[in-house]
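Data first, discussion second: the structure below is written as C-alpha cells.
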Amino acid sequence: MPDVAIVGAGFIGLASAASLMRDGHRVTLFDPSGIGQGASFGNAGTFAHYACIPVNNPSVFRDLPRFLLSRTSPFRLRWRYLPQLAPWLVRFLIDSLPRRYEASVGALAALLAHAQDGYAPLLADAELARFVRPRECLYLYSNATSFDAARPALDLRKRFGVAFDVLGGDDIRGLEPSLAPIFERGVLFGDSWHFSDPHAFLQTLYERLTAQGLTLEHSTVSAVQPADEGASVTVGGIARRFSHVVIATGAHSARFARQCGDAVPLDTERGYHVRYPGAQQLISRPVGWAERGFYMTPMSDGLRVAGTVELGGFSATRNRSLLDLLTFSSKRALPALSALDTPDRSWLGFRPTLPDGVPVLGRSRASERVIYAFGHQHLGVTLAGVSGRIVADLVARRAPLLDLAPYAPTRFRISPSARQRQQVHVF
C-alpha cells in the first residue's frame with residue numbers, strides 16, 4: 001500500500017494514523033515536539049459529544065462588552081495583536097449572525113453524531129479503553145439569569161438531538177457534595193466520558209501503532225507541495241515524496257494550506273490549565289462553570305482546571321490574570337481546594353480557531369493528495385476518531401460518512417459582491 005505522511009502527532013494526527021493503518025497504509029508522522037504535545041497535552045480531556053454550540057453565536061453582540069471589561073471574564077484580547085486579528089474578527093462577527101451560526105451548529109452536530117462510533121475501533125483495545133472514565137459531564141450556572149440566557153442554546157442543542165437533564169441546586173449537591181452551594185442551575189449531559197490521562201492515552205496509542213509499523217520523525221516540516229501522483233513534505237531542505245500528505249498540525253496548519261492554494265482564516269485561542277495534585281477525589285466527573293468558562297476534570301495525576309480564551313497569537317508569555325482566575329474560580333467552586341497549596345503546574349497551549357467554529361476536513365484546492373484535518377478548536381479530543389476515519393476514507397476514495405461541504409477549506413472564499421454585502425451588513 002502507499003506511504004502516507006501526517007504532519008502533526010496530536011489527537012487528530014494519531015487517530016488518522018490509526019485509521020489509515022487499519023486500511024493497510026504505511027504511515028510516517030512528523031512532529032518536532034513528539035507525541036501529544038500542544039493543545040493535545042493540556043485539554044480538559046472530555047468527550048464532549050454535546051458541544052455543538054460554537055463560540056461564534058448571536059450572544060457575542062450582547063456579551064462582548066462584559067467579556068472585555070469584567071475581571072472575572074474568561075476572555076482576554078491582547079490589544080497589540082488586534083491589527084493582525086482584525087480580519088479574523090470581522091469574519092467571526094459575520095459568522096455570529098443567526099443564519100450562519102445555525103449552519104455551524106448543524107455542521108458540528110452532524111460530526112458529533114459520529115464521534116462515539118469514530119472512537120469505537122480505538123476503544124476496542126483494552127489497553128486504550130482503560131483510560132476512559134464513563135461519567136456524565138455537569139455544567140453549572142451560578143444564577144438563574146445566566147441559565148435563562150443560555151436557554152436558547154440549550155433548546156438548539158435539543159433540536160439537534162443532544163439529550164440532557166436540567167438540575168436544581170439540591171440535585172447538584174446530591175451529585176457532587178464537595179461543590180460550594182453557589183450554583184442554582186445545572187445541566188447534566190448523558191453518555192459523555194473523559195480521559196483519566198489524555199497524554200498517556202496518546203502515548204499508549206502511539207506505542208500500539210509503532211508495533212504495527214508506524215514511524216515518527218521528530219522533524220520540522222517547512223513545506224508541503226503537491227506533486228505528480230502524490231505530494232511532498234520538505235524536511236531539512238529535502239523534499240520527500242509520499243502518496244498523500246495529511247495536514248493535522250492544529251493551530252500551525254494555515255501556512256501549509258496556503259502553500260497548497262487555500263487561504264484559511266485560522267488563528268489561535270490561547271488556552272490555559274492549572275493542576276492540583278492529589279485533589280481528583282473531590283469530584284467524580286468533569287464539572288464546568290459556564291460563567292467562568294472552564295472545566296474541572298478529575299484525572300489520574302490530580303484535578304485539572306482547564307479553559308478560558310485569549311486571542312493573542314503564538315506569544316509564549318502567559319497571562320497571569322487568567323491563571324489567577326482559574327485558581328480563584330476553582331477554589332470558589334470547590335472550597336476544599338483552599339486548604340491546599342497553590343496549583344503545582346500551569347500550562348499554556350494554542351488551540352486552532354476558525355471564525356465559524358467548524359473544522360476543516362477535506363482535500364486541498366491544489367491536489368486531492370493533500371488532505372486537511374485541522375481547526376477543531378475545543379473539540380479535537382472529541383472529534384479525533386471520526387476525523388481520522390474521514391481522512392482514511394478520502395485517501396481510499398471511499399464515500400465519507402457525511403457530506404463534507406460544510407467543512408471544506410473553500411467555504412471561506414467570498415466573491416467580491418458578496419464581500420461588499422457582508423461588510424455593509426456588519427458595519
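Lettering and numbering for the C-alpha cells are positional, with chains as A, B, ... in the shown order, residues counted from 1 in each chain, and ligands counted from 1 in the shown order.
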* Could you give me the residues within region 188-326 of chain A that DSSP places in strand (DSSP E), as a ChimeraX atom specification? => /A:188-189,193-195,215-217,221-227,230-235,238-242,244-247,267-276,287-289,294-299,302-311
Give me the residues within 12 Å of region 223-230 of chain A as a tab-separated table (two decimals) with C-alpha atoms, in the first residue's frame, counting only C-alpha atoms and dropping any in the same chain fewer than 3 places off.
```tsv
chain	number	residue	atom	x	y	z
A	2	PRO	CA	1.13	3.65	-0.50
A	3	ASP	CA	3.06	5.67	2.07
A	4	VAL	CA	1.16	8.49	3.80
A	5	ALA	CA	2.74	11.38	5.70
A	6	ILE	CA	0.91	13.07	8.56
A	7	VAL	CA	2.12	16.46	9.76
A	30	PHE	CA	6.22	14.37	11.50
A	220	THR	CA	10.10	20.21	11.39
A	233	VAL	CA	6.98	17.31	2.59
A	234	THR	CA	10.18	19.31	2.88
A	235	VAL	CA	12.33	18.42	5.87
A	236	GLY	CA	15.81	19.88	6.34
A	237	GLY	CA	15.69	21.34	2.84
A	238	ILE	CA	14.94	17.98	1.22
A	239	ALA	CA	11.57	17.25	-0.42
A	240	ARG	CA	10.32	13.76	0.40
A	241	ARG	CA	7.61	12.17	-1.68
A	242	PHE	CA	4.50	10.37	-0.37
A	243	SER	CA	1.30	9.18	-1.97
A	244	HIS	CA	-0.72	11.50	0.30
A	245	VAL	CA	0.06	14.14	2.92
A	246	VAL	CA	-2.33	14.88	5.79
A	247	ILE	CA	-2.17	18.29	7.47
A	253	SER	CA	-1.82	24.42	9.78
A	254	ALA	CA	-2.66	27.66	7.94
A	255	ARG	CA	0.75	28.10	6.30
A	256	PHE	CA	0.64	24.60	4.83
A	257	ALA	CA	-2.85	25.27	3.49
A	258	ARG	CA	-1.56	28.48	1.86
A	259	GLN	CA	1.22	26.51	0.18
A	260	CYS	CA	-1.49	24.32	-1.32
A	261	GLY	CA	-3.65	27.18	-2.56
A	363	ARG	CA	-8.94	17.87	0.13
A	364	SER	CA	-6.75	20.82	-0.74
A	365	ARG	CA	-7.55	23.03	-3.69
A	366	ALA	CA	-4.25	22.22	-5.38
A	367	SER	CA	-4.34	18.43	-5.13
A	368	GLU	CA	-6.58	15.65	-3.93
A	369	ARG	CA	-3.42	14.07	-2.48
A	370	VAL	CA	-3.17	16.74	0.24
A	371	ILE	CA	-5.83	16.25	2.89
A	372	TYR	CA	-6.74	18.66	5.67
A	395	VAL	CA	-7.25	8.52	0.95
```
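Going from CA of Glu291 (chain A) over to CA of Ser329 (chain A), you cover 10.2 Å.
Atom pair CA of Leu154 (chain A) / CA of Gly186 (chain A) has a distance of 11.6 Å (rounded to one decimal).
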Do you have, as a tab-separated table, the list of residues of region 217-264 of chain A lying at most 10 Å from region 37-55 of chain A, each with its nearest atom pair and that distance in Å to one decimal, counting only C-alpha atoms and ordered by chain then number?
```
residue	atom	partner	partner_atom	distance
A:Thr249	CA	A:Gly38	CA	9.4
A:Gly250	CA	A:Ala39	CA	8.0
A:Ala251	CA	A:Ala39	CA	8.8
```
Trp347 (chain A) surroundings by only C-alpha atoms, 12 Å radius, close-in-sequence under 5 positions cut, as a CSV table (one decimal) with N, CA and C atoms, in the first residue's frame:
```csv
chain,number,residue,atom,x,y,z
A,37,GLN,N,1.7,16.7,22.2
A,37,GLN,CA,2.1,18.0,22.8
A,37,GLN,C,1.1,19.0,22.3
A,38,GLY,N,1.4,20.3,22.5
A,38,GLY,CA,0.4,21.4,22.1
A,38,GLY,C,-0.9,21.2,22.8
A,39,ALA,N,-2.0,21.6,22.0
A,39,ALA,CA,-3.3,21.5,22.6
A,39,ALA,C,-3.7,20.1,23.0
A,40,SER,N,-3.1,19.1,22.4
A,40,SER,CA,-3.4,17.7,22.8
A,40,SER,C,-3.0,17.4,24.2
A,41,PHE,N,-2.0,18.1,24.7
A,41,PHE,CA,-1.5,17.8,26.0
A,41,PHE,C,-2.3,18.4,27.1
A,42,GLY,N,-2.8,19.7,26.9
A,42,GLY,CA,-3.3,20.4,28.1
A,42,GLY,C,-4.8,20.6,28.1
A,43,ASN,N,-5.6,19.8,27.3
A,43,ASN,CA,-7.0,20.0,27.2
A,43,ASN,C,-7.7,19.5,28.5
A,44,ALA,N,-9.0,19.7,28.5
A,44,ALA,CA,-9.8,19.2,29.7
A,44,ALA,C,-10.1,17.7,29.6
A,270,ARG,N,-5.6,31.0,22.8
A,270,ARG,CA,-4.6,30.6,23.9
A,270,ARG,C,-5.4,30.1,25.1
A,271,GLY,N,-5.2,28.8,25.3
A,271,GLY,CA,-5.9,28.1,26.4
A,271,GLY,C,-5.0,27.8,27.6
A,272,TYR,N,-5.5,27.8,28.8
A,272,TYR,CA,-4.7,27.6,30.0
A,272,TYR,C,-5.2,26.4,30.8
A,273,HIS,N,-4.3,25.8,31.6
A,273,HIS,CA,-4.8,25.0,32.7
A,273,HIS,C,-3.9,25.1,33.9
A,274,VAL,N,-4.4,24.7,35.1
A,274,VAL,CA,-3.7,24.5,36.3
A,274,VAL,C,-4.0,23.2,36.9
A,275,ARG,N,-3.1,22.6,37.7
A,275,ARG,CA,-3.3,21.3,38.2
A,275,ARG,C,-3.2,21.3,39.7
A,304,ARG,N,-7.5,18.7,37.1
A,304,ARG,CA,-7.1,19.6,36.1
A,304,ARG,C,-8.2,20.7,35.9
A,305,VAL,N,-7.8,21.9,36.0
A,305,VAL,CA,-8.7,23.1,35.8
A,305,VAL,C,-8.3,23.7,34.5
A,306,ALA,N,-9.1,23.6,33.5
A,306,ALA,CA,-8.7,24.0,32.1
A,306,ALA,C,-9.8,24.8,31.5
A,307,GLY,N,-9.4,25.8,30.7
A,307,GLY,CA,-10.3,26.6,30.0
A,307,GLY,C,-9.8,28.0,29.7
A,308,THR,N,-10.7,29.0,29.6
A,308,THR,CA,-10.5,30.4,29.2
A,308,THR,C,-10.1,30.5,27.8
A,316,ALA,N,4.8,33.2,23.7
A,316,ALA,CA,4.9,32.3,24.8
A,316,ALA,C,4.7,32.9,26.2
A,317,THR,N,4.5,34.2,26.3
A,317,THR,CA,4.2,34.8,27.5
A,317,THR,C,2.8,34.5,28.1
A,318,ARG,N,2.8,34.0,29.3
A,318,ARG,CA,1.5,33.6,29.9
A,318,ARG,C,0.8,34.8,30.5
A,319,ASN,N,-0.5,34.8,30.4
A,319,ASN,CA,-1.3,35.8,31.0
A,319,ASN,C,-1.6,35.4,32.5
A,320,ARG,N,-0.9,36.1,33.4
A,320,ARG,CA,-1.0,35.7,34.8
A,320,ARG,C,-2.5,35.9,35.3
A,322,LEU,N,-5.3,35.3,33.8
A,322,LEU,CA,-6.1,34.1,33.5
A,322,LEU,C,-5.8,32.9,34.4
A,323,LEU,N,-4.5,32.7,34.6
A,323,LEU,CA,-4.1,31.6,35.6
A,323,LEU,C,-4.6,31.9,37.0
A,326,LEU,N,-8.4,31.1,37.0
A,326,LEU,CA,-8.6,29.7,37.1
A,326,LEU,C,-8.4,29.2,38.5
```
* **Residue contacts of Ala163 (chain A) (7 Å, only C-alpha atoms) excluding same-chain residues fewer than 2 positions away, as a ChimeraX atom specification** => /A:158,161,189-190
For the residues selected in the previous step, produce a file with all heavy atoms as a PDB file, in the first residue's frame.
```
ATOM      1  N   LYS A 158     -31.011  20.638  21.968  1.00  0.00           N
ATOM      2  CA  LYS A 158     -32.078  19.635  21.993  1.00  0.00           C
ATOM      3  C   LYS A 158     -32.636  19.409  20.593  1.00  0.00           C
ATOM      4  O   LYS A 158     -32.921  18.275  20.201  1.00  0.00           O
ATOM      5  CB  LYS A 158     -33.180  20.092  22.945  1.00  0.00           C
ATOM      6  CG  LYS A 158     -34.268  19.052  23.191  1.00  0.00           C
ATOM      7  CD  LYS A 158     -35.261  19.522  24.235  1.00  0.00           C
ATOM      8  CE  LYS A 158     -34.623  19.600  25.608  1.00  0.00           C
ATOM      9  NZ  LYS A 158     -35.616  19.933  26.664  1.00  0.00           N
ATOM     10  N   GLY A 161     -30.676  16.992  18.722  1.00  0.00           N
ATOM     11  CA  GLY A 161     -30.588  15.637  19.250  1.00  0.00           C
ATOM     12  C   GLY A 161     -29.737  15.445  20.478  1.00  0.00           C
ATOM     13  O   GLY A 161     -29.469  14.303  20.867  1.00  0.00           O
ATOM     14  N   PHE A 189     -25.132  16.248  30.999  1.00  0.00           N
ATOM     15  CA  PHE A 189     -25.103  15.676  29.657  1.00  0.00           C
ATOM     16  C   PHE A 189     -24.798  14.184  29.757  1.00  0.00           C
ATOM     17  O   PHE A 189     -23.691  13.790  30.141  1.00  0.00           O
ATOM     18  CB  PHE A 189     -24.055  16.370  28.799  1.00  0.00           C
ATOM     19  CG  PHE A 189     -24.367  17.811  28.506  1.00  0.00           C
ATOM     20  CD1 PHE A 189     -23.700  18.831  29.173  1.00  0.00           C
ATOM     21  CD2 PHE A 189     -25.341  18.149  27.579  1.00  0.00           C
ATOM     22  CE1 PHE A 189     -23.987  20.157  28.913  1.00  0.00           C
ATOM     23  CE2 PHE A 189     -25.642  19.476  27.306  1.00  0.00           C
ATOM     24  CZ  PHE A 189     -24.967  20.485  27.975  1.00  0.00           C
ATOM     25  N   GLY A 190     -25.777  13.359  29.390  1.00  0.00           N
ATOM     26  CA  GLY A 190     -25.620  11.917  29.489  1.00  0.00           C
ATOM     27  C   GLY A 190     -24.709  11.358  28.408  1.00  0.00           C
ATOM     28  O   GLY A 190     -24.420  12.006  27.402  1.00  0.00           O
TER      29      GLY A 190
END
```
* For CA of Arg332 (chain A) and CA of Asp63 (chain A), the interatomic separation in Å (one decimal) -> 22.9 Å
* Asked: Nearest to Thr297 (chain A) among A:Leu112, A:Leu138, A:Val162, A:Ala180, with distances taken over only C-alpha atoms: which residue is it?
  ->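 Comparing A:Leu112, A:Leu138, A:Val162, A:Ala180 against Thr297 (chain A), the winner is A:Leu138.
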Can you write out as JSON lines which residues of region 172-221 of chain A fall within 12 Å of region 116-121 of chain A, alongside each residue's closest atom pair and its distance in Å to one decimal, counting only C-alpha atoms and ordering rows by chain and ascending residue number?
```
{"residue": "A:Asp191", "atom": "CA", "partner": "A:Gln116", "partner_atom": "CA", "distance": 9.6}
{"residue": "A:Ser192", "atom": "CA", "partner": "A:Gln116", "partner_atom": "CA", "distance": 9.4}
{"residue": "A:Trp193", "atom": "CA", "partner": "A:Gln116", "partner_atom": "CA", "distance": 10.3}
{"residue": "A:Leu205", "atom": "CA", "partner": "A:Pro121", "partner_atom": "CA", "distance": 11.7}
```
Any idea what's packed within 6 Å of Pro400 (chain A), counting only C-alpha atoms, ignoring anything in its chain fewer than 2 positions away? Could you give it as a short mmCIF file (atom, residue, chain, number, x, y, z; two decimals) with N, CA and C atoms, in the first residue's frame?
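Here's the written file selection.cif:
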```
data_model
loop_
_atom_site.label_atom_id
_atom_site.label_comp_id
_atom_site.auth_asym_id
_atom_site.auth_seq_id
_atom_site.Cartn_x
_atom_site.Cartn_y
_atom_site.Cartn_z
N ILE A 390 -12.57 9.93 8.49
CA ILE A 390 -12.80 10.71 7.27
C ILE A 390 -11.51 10.81 6.46
N ASP A 393 -11.02 7.60 4.68
CA ASP A 393 -11.97 7.47 3.57
C ASP A 393 -11.52 8.27 2.35
N LEU A 402 -20.39 11.53 5.79
CA LEU A 402 -21.34 12.63 5.64
C LEU A 402 -20.84 13.60 4.58
#
```
* Asked: Which is closest to Trp88 (chain A) among A:Leu216, A:Val360, A:Leu354, A:Ala290, if we use only C-alpha atoms?
  ->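 Residue with the minimum atom-to-atom distance to Trp88 (chain A): A:Leu354.
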* To do: Name the closest residue to Phe350 (chain A) among the candidates A:Thr268, A:Leu379, A:Asp301, A:Trp289; distances are taken between atoms, counting only C-alpha atoms.
  =>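 Residue with the minimum atom-to-atom distance to Phe350 (chain A): A:Thr268.
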* With only C-alpha atoms as the basis for distance, which of A:Gly13, A:Gly8, A:Gly313, A:Gly174 is at the shortest distance from Asp31 (chain A)? -> A:Gly8
* To do: Could you give me, as an MDAnalysis selection string, each residue of region 148-391 of chain A that DSSP assigns to alpha helix (DSSP H) when run on this structure's backbone?
  => chainID A and resid 148:159 169:175 198:211 254:259 320:333 384:391
